[in-house]
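Peer 1: This one is upload-v3.cif, mmCIF, C-alpha atoms.
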data_coords
loop_
_atom_site.group_PDB
_atom_site.id
_atom_site.type_symbol
_atom_site.label_atom_id
_atom_site.label_comp_id
_atom_site.auth_asym_id
_atom_site.auth_seq_id
_atom_site.Cartn_x
_atom_site.Cartn_y
_atom_site.Cartn_z
ATOM 1 C CA MET A 1 20.705 -27.866 22.928
ATOM 2 C CA GLU A 2 19.224 -31.283 22.463
ATOM 3 C CA GLU A 3 17.905 -32.232 19.053
ATOM 4 C CA GLY A 4 14.446 -32.954 20.438
ATOM 5 C CA ASN A 5 14.119 -29.417 21.726
ATOM 6 C CA GLN A 6 15.391 -28.096 18.424
ATOM 7 C CA THR A 7 12.491 -29.541 16.483
ATOM 8 C CA GLY A 8 9.673 -29.230 19.016
ATOM 9 C CA MET A 9 10.080 -26.441 21.550
ATOM 10 C CA VAL A 10 12.048 -23.610 19.932
ATOM 11 C CA LEU A 11 10.152 -20.312 20.152
ATOM 12 C CA PHE A 12 11.430 -16.926 18.985
ATOM 13 C CA HIS A 13 10.269 -13.442 19.872
ATOM 14 C CA PHE A 14 11.020 -10.057 18.344
ATOM 15 C CA ARG A 15 12.796 -7.159 20.006
ATOM 16 C CA PRO A 16 10.352 -4.258 20.534
ATOM 17 C CA PHE A 17 11.087 -0.886 18.957
ATOM 18 C CA SER A 18 10.566 0.832 22.294
ATOM 19 C CA LYS A 19 9.651 0.020 25.894
ATOM 20 C CA LEU A 20 7.148 2.886 25.901
ATOM 21 C CA PRO A 21 3.580 1.814 24.969
ATOM 22 C CA GLU A 22 2.876 5.232 23.437
ATOM 23 C CA VAL A 23 5.814 4.898 21.043
ATOM 24 C CA GLN A 24 4.791 1.345 20.155
ATOM 25 C CA MET A 25 1.254 2.543 19.367
ATOM 26 C CA LEU A 26 2.591 5.350 17.155
ATOM 27 C CA ILE A 27 4.795 2.871 15.282
ATOM 28 C CA PHE A 28 1.809 0.532 14.890
ATOM 29 C CA VAL A 29 -0.313 3.303 13.330
ATOM 30 C CA LEU A 30 2.482 4.378 10.960
ATOM 31 C CA PHE A 31 3.216 0.783 9.879
ATOM 32 C CA LEU A 32 -0.489 0.046 9.395
ATOM 33 C CA ILE A 33 -0.938 3.140 7.212
ATOM 34 C CA MET A 34 2.126 2.271 5.123
ATOM 35 C CA TYR A 35 0.991 -1.336 4.731
ATOM 36 C CA LEU A 36 -2.524 -0.353 3.622
ATOM 37 C CA VAL A 37 -1.183 2.291 1.220
ATOM 38 C CA SER A 38 1.289 -0.179 -0.301
ATOM 39 C CA ILE A 39 -1.413 -2.835 -0.769
ATOM 40 C CA GLY A 40 -3.843 -0.294 -2.212
ATOM 41 C CA GLY A 41 -1.238 1.283 -4.513
ATOM 42 C CA ASN A 42 0.081 -1.992 -5.881
ATOM 43 C CA MET A 43 -3.415 -3.428 -6.332
ATOM 44 C CA SER A 44 -4.375 -0.267 -8.255
ATOM 45 C CA ILE A 45 -1.442 -0.823 -10.618
ATOM 46 C CA VAL A 46 -2.354 -4.500 -11.148
ATOM 47 C CA LEU A 47 -6.051 -3.745 -11.788
ATOM 48 C CA THR A 48 -5.302 -0.771 -14.052
ATOM 49 C CA ILE A 49 -2.950 -2.824 -16.228
ATOM 50 C CA TRP A 50 -5.426 -5.728 -16.305
ATOM 51 C CA ILE A 51 -8.441 -3.546 -17.242
ATOM 52 C CA ASP A 52 -6.819 -1.096 -19.696
ATOM 53 C CA ARG A 53 -5.979 -2.874 -22.968
ATOM 54 C CA CYS A 54 -3.590 -0.067 -23.959
ATOM 55 C CA LEU A 55 -1.253 -1.312 -21.218
ATOM 56 C CA HIS A 56 -1.166 -4.921 -22.437
ATOM 57 C CA THR A 57 2.504 -4.690 -23.391
ATOM 58 C CA PRO A 58 5.609 -6.480 -22.037
ATOM 59 C CA MET A 59 6.711 -3.452 -19.989
ATOM 60 C CA TYR A 60 3.424 -3.249 -18.100
ATOM 61 C CA PHE A 61 3.164 -7.039 -17.872
ATOM 62 C CA PHE A 62 6.438 -7.016 -15.917
ATOM 63 C CA LEU A 63 5.255 -4.036 -13.850
ATOM 64 C CA ALA A 64 2.029 -5.850 -12.919
ATOM 65 C CA ASN A 65 4.021 -8.887 -11.808
ATOM 66 C CA LEU A 66 6.357 -6.654 -9.794
ATOM 67 C CA ALA A 67 3.340 -5.067 -8.079
ATOM 68 C CA ASN A 68 1.955 -8.538 -7.302
ATOM 69 C CA LEU A 69 5.280 -9.527 -5.755
ATOM 70 C CA GLU A 70 5.258 -6.358 -3.650
ATOM 71 C CA ILE A 71 1.780 -7.209 -2.317
ATOM 72 C CA PHE A 72 2.820 -10.693 -1.203
ATOM 73 C CA TYR A 73 6.218 -9.439 0.008
ATOM 74 C CA SER A 74 4.593 -6.812 2.260
ATOM 75 C CA SER A 75 2.048 -9.337 3.515
ATOM 76 C CA THR A 76 4.827 -11.718 4.525
ATOM 77 C CA ILE A 77 6.226 -9.176 7.002
ATOM 78 C CA ALA A 78 3.538 -6.653 7.959
ATOM 79 C CA PRO A 79 0.772 -8.710 9.689
ATOM 80 C CA LEU A 80 3.108 -10.428 12.175
ATOM 81 C CA THR A 81 5.016 -7.180 12.759
ATOM 82 C CA LEU A 82 1.793 -5.268 13.440
ATOM 83 C CA ALA A 83 0.600 -7.951 15.856
ATOM 84 C CA SER A 84 3.968 -7.908 17.630
ATOM 85 C CA VAL A 85 4.070 -4.099 17.932
ATOM 86 C CA LEU A 86 0.476 -3.877 19.156
ATOM 87 C CA SER A 87 0.784 -6.652 21.730
ATOM 88 C CA THR A 88 1.595 -5.649 25.296
ATOM 89 C CA GLU A 89 3.264 -9.025 25.828
ATOM 90 C CA ARG A 90 5.942 -10.791 23.824
ATOM 91 C CA THR A 91 4.663 -12.209 20.547
ATOM 92 C CA VAL A 92 6.266 -15.600 20.094
ATOM 93 C CA VAL A 93 6.756 -17.376 16.788
ATOM 94 C CA SER A 94 7.563 -21.051 16.381
ATOM 95 C CA LEU A 95 10.584 -22.463 14.605
ATOM 96 C CA ALA A 96 8.380 -23.524 11.678
ATOM 97 C CA GLY A 97 6.636 -20.140 11.588
ATOM 98 C CA CYS A 98 9.934 -18.259 11.600
ATOM 99 C CA GLY A 99 11.274 -20.556 8.881
ATOM 100 C CA ALA A 100 8.176 -20.003 6.731
ATOM 101 C CA GLN A 101 8.435 -16.221 7.074
ATOM 102 C CA MET A 102 12.140 -16.290 6.201
ATOM 103 C CA PHE A 103 11.517 -18.535 3.184
ATOM 104 C CA PHE A 104 8.835 -16.286 1.684
ATOM 105 C CA PHE A 105 10.855 -13.150 2.494
ATOM 106 C CA ILE A 106 13.910 -14.493 0.619
ATOM 107 C CA PHE A 107 11.805 -16.036 -2.169
ATOM 108 C CA LEU A 108 9.740 -12.913 -2.937
ATOM 109 C CA GLY A 109 12.612 -10.464 -2.320
ATOM 110 C CA SER A 110 14.938 -12.416 -4.634
ATOM 111 C CA ALA A 111 12.307 -12.711 -7.363
ATOM 112 C CA ASP A 112 11.666 -8.966 -7.021
ATOM 113 C CA CYS A 113 15.342 -8.103 -7.572
ATOM 114 C CA ILE A 114 15.692 -10.495 -10.528
ATOM 115 C CA LEU A 115 12.502 -9.128 -12.106
ATOM 116 C CA LEU A 116 13.923 -5.596 -11.911
ATOM 117 C CA ALA A 117 16.851 -6.833 -14.028
ATOM 118 C CA VAL A 118 14.370 -8.370 -16.495
ATOM 119 C CA MET A 119 12.579 -5.003 -16.719
ATOM 120 C CA ALA A 120 15.904 -3.299 -17.484
ATOM 121 C CA TYR A 121 16.483 -5.783 -20.309
ATOM 122 C CA ASP A 122 12.994 -5.010 -21.641
ATOM 123 C CA ARG A 123 13.806 -1.266 -21.704
ATOM 124 C CA PHE A 124 17.154 -2.009 -23.382
ATOM 125 C CA VAL A 125 15.448 -3.911 -26.205
ATOM 126 C CA ALA A 126 12.688 -1.275 -26.555
ATOM 127 C CA ILE A 127 15.106 1.665 -26.844
ATOM 128 C CA CYS A 128 18.158 0.105 -28.502
ATOM 129 C CA HIS A 129 16.322 -2.285 -30.873
ATOM 130 C CA PRO A 130 12.863 -0.723 -31.363
ATOM 131 C CA LEU A 131 12.222 -2.340 -34.766
ATOM 132 C CA ARG A 132 12.875 -5.826 -33.378
ATOM 133 C CA TYR A 133 11.161 -5.251 -30.033
ATOM 134 C CA THR A 134 7.946 -7.179 -30.700
ATOM 135 C CA LEU A 135 9.927 -10.017 -32.264
ATOM 136 C CA ILE A 136 12.390 -10.324 -29.349
ATOM 137 C CA MET A 137 10.009 -9.614 -26.454
ATOM 138 C CA SER A 138 7.356 -12.139 -27.382
ATOM 139 C CA TRP A 139 4.706 -13.069 -24.821
ATOM 140 C CA HIS A 140 6.240 -16.536 -24.649
ATOM 141 C CA LEU A 141 9.609 -15.053 -23.620
ATOM 142 C CA CYS A 142 7.966 -12.625 -21.156
ATOM 143 C CA ILE A 143 6.191 -15.451 -19.342
ATOM 144 C CA GLN A 144 9.397 -17.499 -19.301
ATOM 145 C CA LEU A 145 11.350 -14.586 -17.786
ATOM 146 C CA VAL A 146 8.773 -14.061 -15.010
ATOM 147 C CA LEU A 147 8.584 -17.786 -14.233
ATOM 148 C CA GLY A 148 12.394 -17.974 -14.311
ATOM 149 C CA SER A 149 12.623 -15.146 -11.750
ATOM 150 C CA LEU A 150 10.184 -16.950 -9.465
ATOM 151 C CA LEU A 151 11.917 -20.316 -9.897
ATOM 152 C CA LEU A 152 15.387 -18.951 -9.144
ATOM 153 C CA GLY A 153 14.050 -17.075 -6.099
ATOM 154 C CA PHE A 154 12.309 -20.247 -4.891
ATOM 155 C CA ILE A 155 15.438 -22.411 -5.234
ATOM 156 C CA LEU A 156 17.702 -19.896 -3.461
ATOM 157 C CA ALA A 157 15.165 -19.343 -0.663
ATOM 158 C CA MET A 158 14.625 -23.056 -0.089
ATOM 159 C CA GLN A 159 18.351 -23.855 0.076
ATOM 160 C CA LEU A 160 19.226 -20.974 2.399
ATOM 161 C CA THR A 161 16.243 -21.445 4.736
ATOM 162 C CA VAL A 162 16.791 -25.204 5.130
ATOM 163 C CA LEU A 163 20.507 -24.650 5.752
ATOM 164 C CA ILE A 164 19.903 -22.037 8.485
ATOM 165 C CA PHE A 165 17.120 -23.874 10.302
ATOM 166 C CA ARG A 166 19.209 -27.019 10.639
ATOM 167 C CA LEU A 167 21.376 -25.065 13.100
ATOM 168 C CA PRO A 168 21.003 -25.581 16.863
ATOM 169 C CA PHE A 169 19.834 -22.429 18.660
ATOM 170 C CA CYS A 170 21.027 -21.081 22.022
ATOM 171 C CA SER A 171 18.933 -20.175 25.033
ATOM 172 C CA SER A 172 18.441 -16.567 23.879
ATOM 173 C CA LYS A 173 15.646 -16.479 21.288
ATOM 174 C CA GLU A 174 15.194 -12.697 20.940
ATOM 175 C CA ILE A 175 15.485 -11.731 17.260
ATOM 176 C CA SER A 176 17.008 -8.261 17.016
ATOM 177 C CA LEU A 177 14.602 -7.267 14.211
ATOM 178 C CA PHE A 178 10.811 -7.201 13.822
ATOM 179 C CA TYR A 179 10.761 -10.259 11.522
ATOM 180 C CA CYS A 180 12.765 -13.425 10.872
ATOM 181 C CA ASP A 181 15.613 -12.148 8.728
ATOM 182 C CA VAL A 182 18.654 -14.279 7.913
ATOM 183 C CA LEU A 183 21.433 -12.545 9.852
ATOM 184 C CA PRO A 184 19.561 -11.916 13.150
ATOM 185 C CA VAL A 185 18.374 -15.545 13.250
ATOM 186 C CA MET A 186 21.853 -16.814 12.380
ATOM 187 C CA LYS A 187 23.273 -14.814 15.302
ATOM 188 C CA LEU A 188 21.175 -16.930 17.697
ATOM 189 C CA ALA A 189 22.797 -20.212 16.631
ATOM 190 C CA CYS A 190 25.121 -22.046 19.023
ATOM 191 C CA ALA A 191 27.277 -23.504 16.272
ATOM 192 C CA ASP A 192 29.849 -22.358 13.755
ATOM 193 C CA THR A 193 28.073 -20.389 11.002
ATOM 194 C CA HIS A 194 30.943 -19.697 8.597
ATOM 195 C CA VAL A 195 29.455 -21.992 5.934
ATOM 196 C CA HIS A 196 26.054 -20.355 6.348
ATOM 197 C CA GLU A 197 27.540 -16.852 6.111
ATOM 198 C CA ALA A 198 29.420 -17.857 2.951
ATOM 199 C CA THR A 199 26.198 -19.296 1.485
ATOM 200 C CA LEU A 200 24.326 -16.082 2.320
ATOM 201 C CA PHE A 201 27.031 -14.058 0.582
ATOM 202 C CA VAL A 202 26.811 -16.244 -2.549
ATOM 203 C CA VAL A 203 23.015 -15.890 -2.603
ATOM 204 C CA SER A 204 23.361 -12.111 -2.141
ATOM 205 C CA VAL A 205 25.771 -11.905 -5.081
ATOM 206 C CA ILE A 206 23.358 -13.899 -7.269
ATOM 207 C CA VAL A 207 20.348 -11.817 -6.220
ATOM 208 C CA LEU A 208 21.899 -8.347 -5.827
ATOM 209 C CA THR A 209 25.297 -7.994 -7.515
ATOM 210 C CA ASN A 210 24.721 -9.921 -10.759
ATOM 211 C CA PRO A 211 21.314 -8.352 -11.562
ATOM 212 C CA PHE A 212 22.621 -4.896 -10.661
ATOM 213 C CA LEU A 213 25.567 -5.345 -13.046
ATOM 214 C CA LEU A 214 23.146 -6.407 -15.799
ATOM 215 C CA ILE A 215 20.950 -3.376 -15.059
ATOM 216 C CA THR A 216 23.989 -1.050 -15.139
ATOM 217 C CA LEU A 217 25.158 -2.529 -18.448
ATOM 218 C CA SER A 218 21.663 -2.184 -19.921
ATOM 219 C CA TYR A 219 21.477 1.471 -18.911
ATOM 220 C CA VAL A 220 24.895 2.224 -20.390
ATOM 221 C CA PHE A 221 23.541 1.121 -23.778
ATOM 222 C CA ILE A 222 20.184 2.821 -23.127
ATOM 223 C CA VAL A 223 21.753 6.213 -22.309
ATOM 224 C CA ASP A 224 24.022 5.935 -25.348
ATOM 225 C CA ALA A 225 21.007 5.212 -27.569
ATOM 226 C CA ILE A 226 18.926 8.036 -26.038
ATOM 227 C CA LEU A 227 21.684 10.608 -26.581
ATOM 228 C CA LYS A 228 21.639 9.710 -30.288
ATOM 229 C CA ILE A 229 17.941 10.583 -30.581
ATOM 230 C CA ARG A 230 17.721 13.913 -32.404
ATOM 231 C CA SER A 231 14.412 15.258 -31.104
ATOM 232 C CA ALA A 232 14.192 16.616 -27.568
ATOM 233 C CA GLU A 233 10.686 15.155 -27.223
ATOM 234 C CA GLY A 234 11.962 11.709 -28.197
ATOM 235 C CA ARG A 235 14.757 11.906 -25.625
ATOM 236 C CA ARG A 236 12.336 13.088 -22.939
ATOM 237 C CA LYS A 237 9.905 10.249 -23.634
ATOM 238 C CA ALA A 238 12.697 7.645 -23.604
ATOM 239 C CA PHE A 239 14.120 8.961 -20.323
ATOM 240 C CA SER A 240 10.665 9.099 -18.709
ATOM 241 C CA THR A 241 10.040 5.379 -19.370
ATOM 242 C CA CYS A 242 13.316 4.530 -17.600
ATOM 243 C CA SER A 243 13.506 7.038 -14.747
ATOM 244 C CA SER A 244 10.843 5.405 -12.567
ATOM 245 C CA HIS A 245 12.434 1.975 -12.977
ATOM 246 C CA LEU A 246 15.887 3.338 -12.203
ATOM 247 C CA THR A 247 14.603 5.060 -9.038
ATOM 248 C CA VAL A 248 13.075 1.805 -7.764
ATOM 249 C CA VAL A 249 16.301 -0.077 -8.600
ATOM 250 C CA LEU A 250 18.417 2.333 -6.549
ATOM 251 C CA LEU A 251 16.051 2.046 -3.573
ATOM 252 C CA GLN A 252 15.816 -1.748 -3.699
ATOM 253 C CA TYR A 253 19.452 -2.603 -4.379
ATOM 254 C CA GLY A 254 20.825 0.166 -2.172
ATOM 255 C CA CYS A 255 18.991 -1.086 0.927
ATOM 256 C CA GLY A 256 19.709 -4.743 0.184
ATOM 257 C CA SER A 257 23.418 -4.127 -0.335
ATOM 258 C CA LEU A 258 23.743 -2.278 2.989
ATOM 259 C CA ILE A 259 22.630 -5.429 4.809
ATOM 260 C CA TYR A 260 23.572 -8.488 2.772
ATOM 261 C CA LEU A 261 26.774 -7.505 0.955
ATOM 262 C CA CYS A 262 28.559 -6.208 4.054
ATOM 263 C CA PRO A 263 30.640 -8.636 6.167
ATOM 264 C CA SER A 264 28.527 -10.459 8.782
ATOM 265 C CA SER A 265 30.983 -9.375 11.495
ATOM 266 C CA SER A 266 30.098 -5.723 10.831
ATOM 267 C CA TYR A 267 26.338 -6.301 11.106
ATOM 268 C CA SER A 268 24.672 -3.786 13.417
ATOM 269 C CA PRO A 269 21.165 -4.543 14.774
ATOM 270 C CA GLU A 270 20.403 -0.808 15.001
ATOM 271 C CA ARG A 271 21.386 -0.163 11.380
ATOM 272 C CA GLY A 272 19.614 -3.355 10.339
ATOM 273 C CA GLN A 273 16.432 -2.172 12.048
ATOM 274 C CA VAL A 274 16.407 1.163 10.191
ATOM 275 C CA VAL A 275 17.294 -0.263 6.765
ATOM 276 C CA SER A 276 14.805 -3.107 7.205
ATOM 277 C CA VAL A 277 11.990 -0.641 7.886
ATOM 278 C CA VAL A 278 12.889 1.120 4.635
ATOM 279 C CA TYR A 279 12.817 -1.943 2.388
ATOM 280 C CA THR A 280 9.923 -3.769 4.071
ATOM 281 C CA PHE A 281 7.531 -0.852 4.679
ATOM 282 C CA VAL A 282 8.728 2.347 2.976
ATOM 283 C CA THR A 283 9.839 0.934 -0.399
ATOM 284 C CA PRO A 284 6.562 -0.971 -1.086
ATOM 285 C CA VAL A 285 4.745 2.345 -0.496
ATOM 286 C CA LEU A 286 7.072 4.358 -2.727
ATOM 287 C CA ASN A 287 7.177 1.926 -5.665
ATOM 288 C CA PRO A 288 3.567 2.411 -6.851
ATOM 289 C CA LEU A 289 3.839 6.160 -6.194
ATOM 290 C CA ILE A 290 7.044 6.395 -8.246
ATOM 291 C CA TYR A 291 5.600 4.428 -11.159
ATOM 292 C CA SER A 292 2.272 6.259 -11.171
ATOM 293 C CA MET A 293 3.672 9.768 -10.665
ATOM 294 C CA ARG A 294 6.519 9.491 -13.186
ATOM 295 C CA ASN A 295 4.709 7.516 -15.887
ATOM 296 C CA ARG A 296 2.192 9.588 -17.840
ATOM 297 C CA GLU A 297 0.801 6.565 -19.697
ATOM 298 C CA LEU A 298 0.020 4.760 -16.440
ATOM 299 C CA LYS A 299 -1.435 7.940 -14.889
ATOM 300 C CA ASP A 300 -3.751 8.431 -17.874
ATOM 301 C CA ALA A 301 -4.791 4.777 -17.779
ATOM 302 C CA LEU A 302 -5.501 4.981 -14.041
ATOM 303 C CA ARG A 303 -7.638 8.071 -14.651
ATOM 304 C CA ARG A 304 -9.578 6.271 -17.416
ATOM 305 C CA VAL A 305 -10.183 3.234 -15.189
ATOM 306 C CA ILE A 306 -11.425 5.401 -12.301
ATOM 307 C CA ILE A 307 -13.812 7.301 -14.621
ATOM 308 C CA LYS A 308 -15.053 4.009 -16.098
ATOM 309 C CA LEU A 309 -15.687 2.537 -12.639
ATOM 310 C CA LEU A 310 -17.486 5.718 -11.509
ATOM 311 C CA LEU A 311 -19.714 5.640 -14.611
ATOM 312 C CA VAL A 312 -20.573 1.990 -14.004
ATOM 313 C CA GLN A 313 -21.352 2.747 -10.355
ATOM 314 C CA THR A 314 -23.550 5.726 -11.378
ATOM 315 C CA GLN A 315 -25.488 3.623 -13.912
ATOM 316 C CA GLU A 316 -26.077 0.885 -11.328
ATOM 317 C CA THR A 317 -27.327 3.486 -8.840
ATOM 318 C CA PHE A 318 -29.866 4.925 -11.266
#
Just give me the structure as structure tokens.
Peer 2:
Amino acid sequence: MEEGNQTGMVLFHFRPFSKLPEVQMLIFVLFLIMYLVSIGGNMSIVLTIWIDRCLHTPMYFFLANLANLEIFYSSTIAPLTLASVLSTERTVVSLAGCGAQMFFFIFLGSADCILLAVMAYDRFVAICHPLRYTLIMSWHLCIQLVLGSLLLGFILAMQLTVLIFRLPFCSSKEISLFYCDVLPVMKLACADTHVHEATLFVVSVIVLTNPFLLITLSYVFIVDAILKIRSAEGRRKAFSTCSSHLTVVLLQYGCGSLIYLCPSSSYSPERGQVVSVVYTFVTPVLNPLIYSMRNRELKDALRRVIIKLLLVQTQETF
């Protein structure tokens, strides 16, 4: 393809889930419900932590930032996907638009994974070094860790996106997913992509493997420390603060590893479609549910905030 066409006239479109309009409409309704629930759930967590002073601790500070990332992450994928599913004709996206979506997807997804490792470190310090917790996990360090997660995600996303969108693309512009993910877009290139595949693998190791190893190491020490607690109530409380985080970690890293840590030659569009639905629509819905259902402190705070808002609304009415 000529370079002029590469920069000016390249348009992509997404492969539909089904050729049947009825199935497409059902998928649209399901995706819309999941998107609205994920936005509502994560916003509830952010507002609850912001309003309730009892939750102004490092653990909930990280959780609020994770919920914020989930909101933006979902909003990077869902609106364009919903428009594409609902449309009776092909929804086209420009080269720049596809690049922007891929950048924010990698940026927010990477920051999300790194922040989960930061949260594991926070739990490690809280359980293994409780007397030094406030000294180690200062607000200055907490802010640095969140900004560091965002900065690393930004750098990795920028490098990978620029590298991929410098490729020339062939005549076929149908992306085998419902958004501009790295591997499906790379498959459309009419050039050798070995360097790009190697770069993707390195980024995946930095974002998935290294944080997961740090999380695993943290939980080895955490479990060892919990088993040394004499009271059953103390062990139960310590496990309850970690179980929700560990559940989210398994969901996030499990789905990501199935796609990005497998060889590119073994990539299957059908498997990619299913796994992508899980970590772009299902996981953002489950995360706030997992944290709110399995964390008594957050549940109580959410109840207090709702009662406070209802009282304010009642007083304004009368």
Peer 1: Run the PyMOL selection byres ((chain A and resi 137-146) around 8) mentally over the shown coordinates, then write out the matched residues as an MDAnalysis selection string, using the chain letters and numbers from the document.
Peer 2: chainID A and resid 58 62 65 115 118 122 125 133:136 147:150
Peer 1: Check what the PyMOL selection byres ((chain A and resi 153-158) around 10) selects in the file above and give those residues as a count of residues only.
Peer 2: 33
Peer 1: With distances taken over only C-alpha atoms, which residue among A:Glu297, A:Glu197, A:Asp224, A:Asp52 lies nearest Ser240 of chain A?
Peer 2: A:Glu297
Peer 1: I'd like the interatomic distance between atom CA of Leu177 of chain A and atom CA of Thr280 of chain A, to a tenth of an Å.
Peer 2: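 Atom-to-atom, atom CA of Leu177 of chain A and atom CA of Thr280 of chain A are spaced 11.7 Å apart.
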Peer 1: Using the chain letters and numbers from the file, which residues does the PyMOL selection byres ((chain A and resi 28) around 10) grab, as a list in words?
Peer 2: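 On the file shown, the PyMOL selection byres ((chain A and resi 28) around 10) covers Glu22, Val23, Gln24, Met25, Leu26, Ile27, Val29, Leu30, Phe31, Leu32, Ile33, Met34, Thr81, Leu82, Ala83, Ser84, Val85, Leu86 and Ser87 of chain A.
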Peer 1: Taking only C-alpha atoms into account, name the residue in A:Thr88, A:Thr193, A:Ser18, A:Thr247 that is nearest to Pro288 of chain A.
Peer 2: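 Nearest candidate to Pro288 of chain A out of A:Thr88, A:Thr193, A:Ser18, A:Thr247: A:Thr247.
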Peer 1: So how many Å separate atom CA of Ile306 of chain A and atom CA of Leu246 of chain A, to one decimal?
Peer 2: 27.4 Å
Peer 1: In terms of the shortest atom-to-atom distance over only C-alpha atoms, which of A:Pro79, A:Gly272, A:Gly97, A:Gly40 is closest to Gly256 of chain A?
Peer 2: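 Looking at the shortest contact to Gly256 of chain A, the residue is A:Gly272.
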Peer 1: What's the separation between atom CA of Ser38 of chain A and atom CA of Phe281 of chain A, in Å to one decimal place?
Peer 2: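 Answer for the atom CA of Ser38 of chain A to atom CA of Phe281 of chain A separation: 8.0 Å.
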Peer 1: Padding 6 Å on every side, please: axis-aligned box over the listed atoms of segment 39-46 of chain A, centre and edge lengths to one decimal in Å, as JSON.
Peer 2:
{"center_x": -2.1, "center_y": -1.6, "center_z": -6.0, "size_x": 16.5, "size_y": 17.8, "size_z": 22.4}
Peer 1: With distances taken over only C-alpha atoms, which residue among A:Ile307, A:Leu213, A:Tyr35, A:Thr48 lies nearest Ile71 of chain A?
Peer 2: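 Once distances to Ile71 of chain A are computed over only C-alpha atoms, the minimum belongs to A:Tyr35.
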Peer 1: Using all atoms listed in the file for the distances, tell me which of A:Leu302, A:Ala191, A:Leu80, A:Leu289 is nearest to Ile49 of chain A.
Peer 2: A:Leu302
Peer 1: Nearest to Met186 of chain A: which of A:Arg90, A:Val285, A:Gln252, A:Ser264 is it, counting all atoms listed in the file?
Peer 2: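 The answer is A:Ser264, which sits nearest to Met186 of chain A.
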Peer 1: Name all residues at most 9 Å from Ala117 of chain A (count all atoms listed in the file; drop same-chain ones fewer than 6 positions away) and give them as an NGL selection string.
Peer 2: :A and (211-215 or 218 or 249)
Peer 1: At a cut-off of 9 Å, using only C-alpha atoms, what residues contact Lys173 of chain A? Leave out same-chain residues fewer than 6 positions from it and give the result as a ChimeraX atom specification.
Peer 2: /A:10-14,185,188
Peer 1: Mind writing segment 182-193 of chain A to a file for me, with N, CA and C atoms, as a CSV table (one decimal), in the first residue's frame?
Peer 2:
chain,number,residue,atom,x,y,z
A,182,VAL,N,-4.5,-5.3,20.0
A,182,VAL,CA,-3.2,-5.3,19.4
A,182,VAL,C,-3.1,-6.4,18.4
A,183,LEU,N,-3.4,-7.7,18.8
A,183,LEU,CA,-3.1,-8.8,17.9
A,183,LEU,C,-4.0,-8.8,16.6
A,184,PRO,N,-5.4,-8.5,16.7
A,184,PRO,CA,-6.2,-8.5,15.5
A,184,PRO,C,-5.8,-7.4,14.5
A,185,VAL,N,-5.3,-6.2,15.1
A,185,VAL,CA,-4.9,-5.2,14.2
A,185,VAL,C,-3.6,-5.5,13.5
A,186,MET,N,-2.7,-6.2,14.3
A,186,MET,CA,-1.4,-6.6,13.8
A,186,MET,C,-1.5,-7.6,12.6
A,187,LYS,N,-2.6,-8.4,12.7
A,187,LYS,CA,-2.8,-9.5,11.7
A,187,LYS,C,-3.2,-8.9,10.4
A,188,LEU,N,-3.6,-7.6,10.4
A,188,LEU,CA,-4.0,-6.9,9.1
A,188,LEU,C,-2.8,-6.3,8.4
A,189,ALA,N,-1.7,-6.3,9.0
A,189,ALA,CA,-0.5,-5.6,8.4
A,189,ALA,C,0.1,-6.5,7.2
A,190,CYS,N,0.5,-5.7,6.2
A,190,CYS,CA,1.2,-6.4,5.1
A,190,CYS,C,2.7,-6.3,5.2
A,191,ALA,N,3.2,-6.6,6.3
A,191,ALA,CA,4.7,-6.5,6.5
A,191,ALA,C,5.1,-7.5,7.6
A,192,ASP,N,6.3,-7.7,7.7
A,192,ASP,CA,6.8,-8.6,8.8
A,192,ASP,C,6.6,-8.0,10.1
A,193,THR,N,6.0,-8.8,11.0
A,193,THR,CA,5.6,-8.3,12.4
A,193,THR,C,6.3,-9.0,13.5
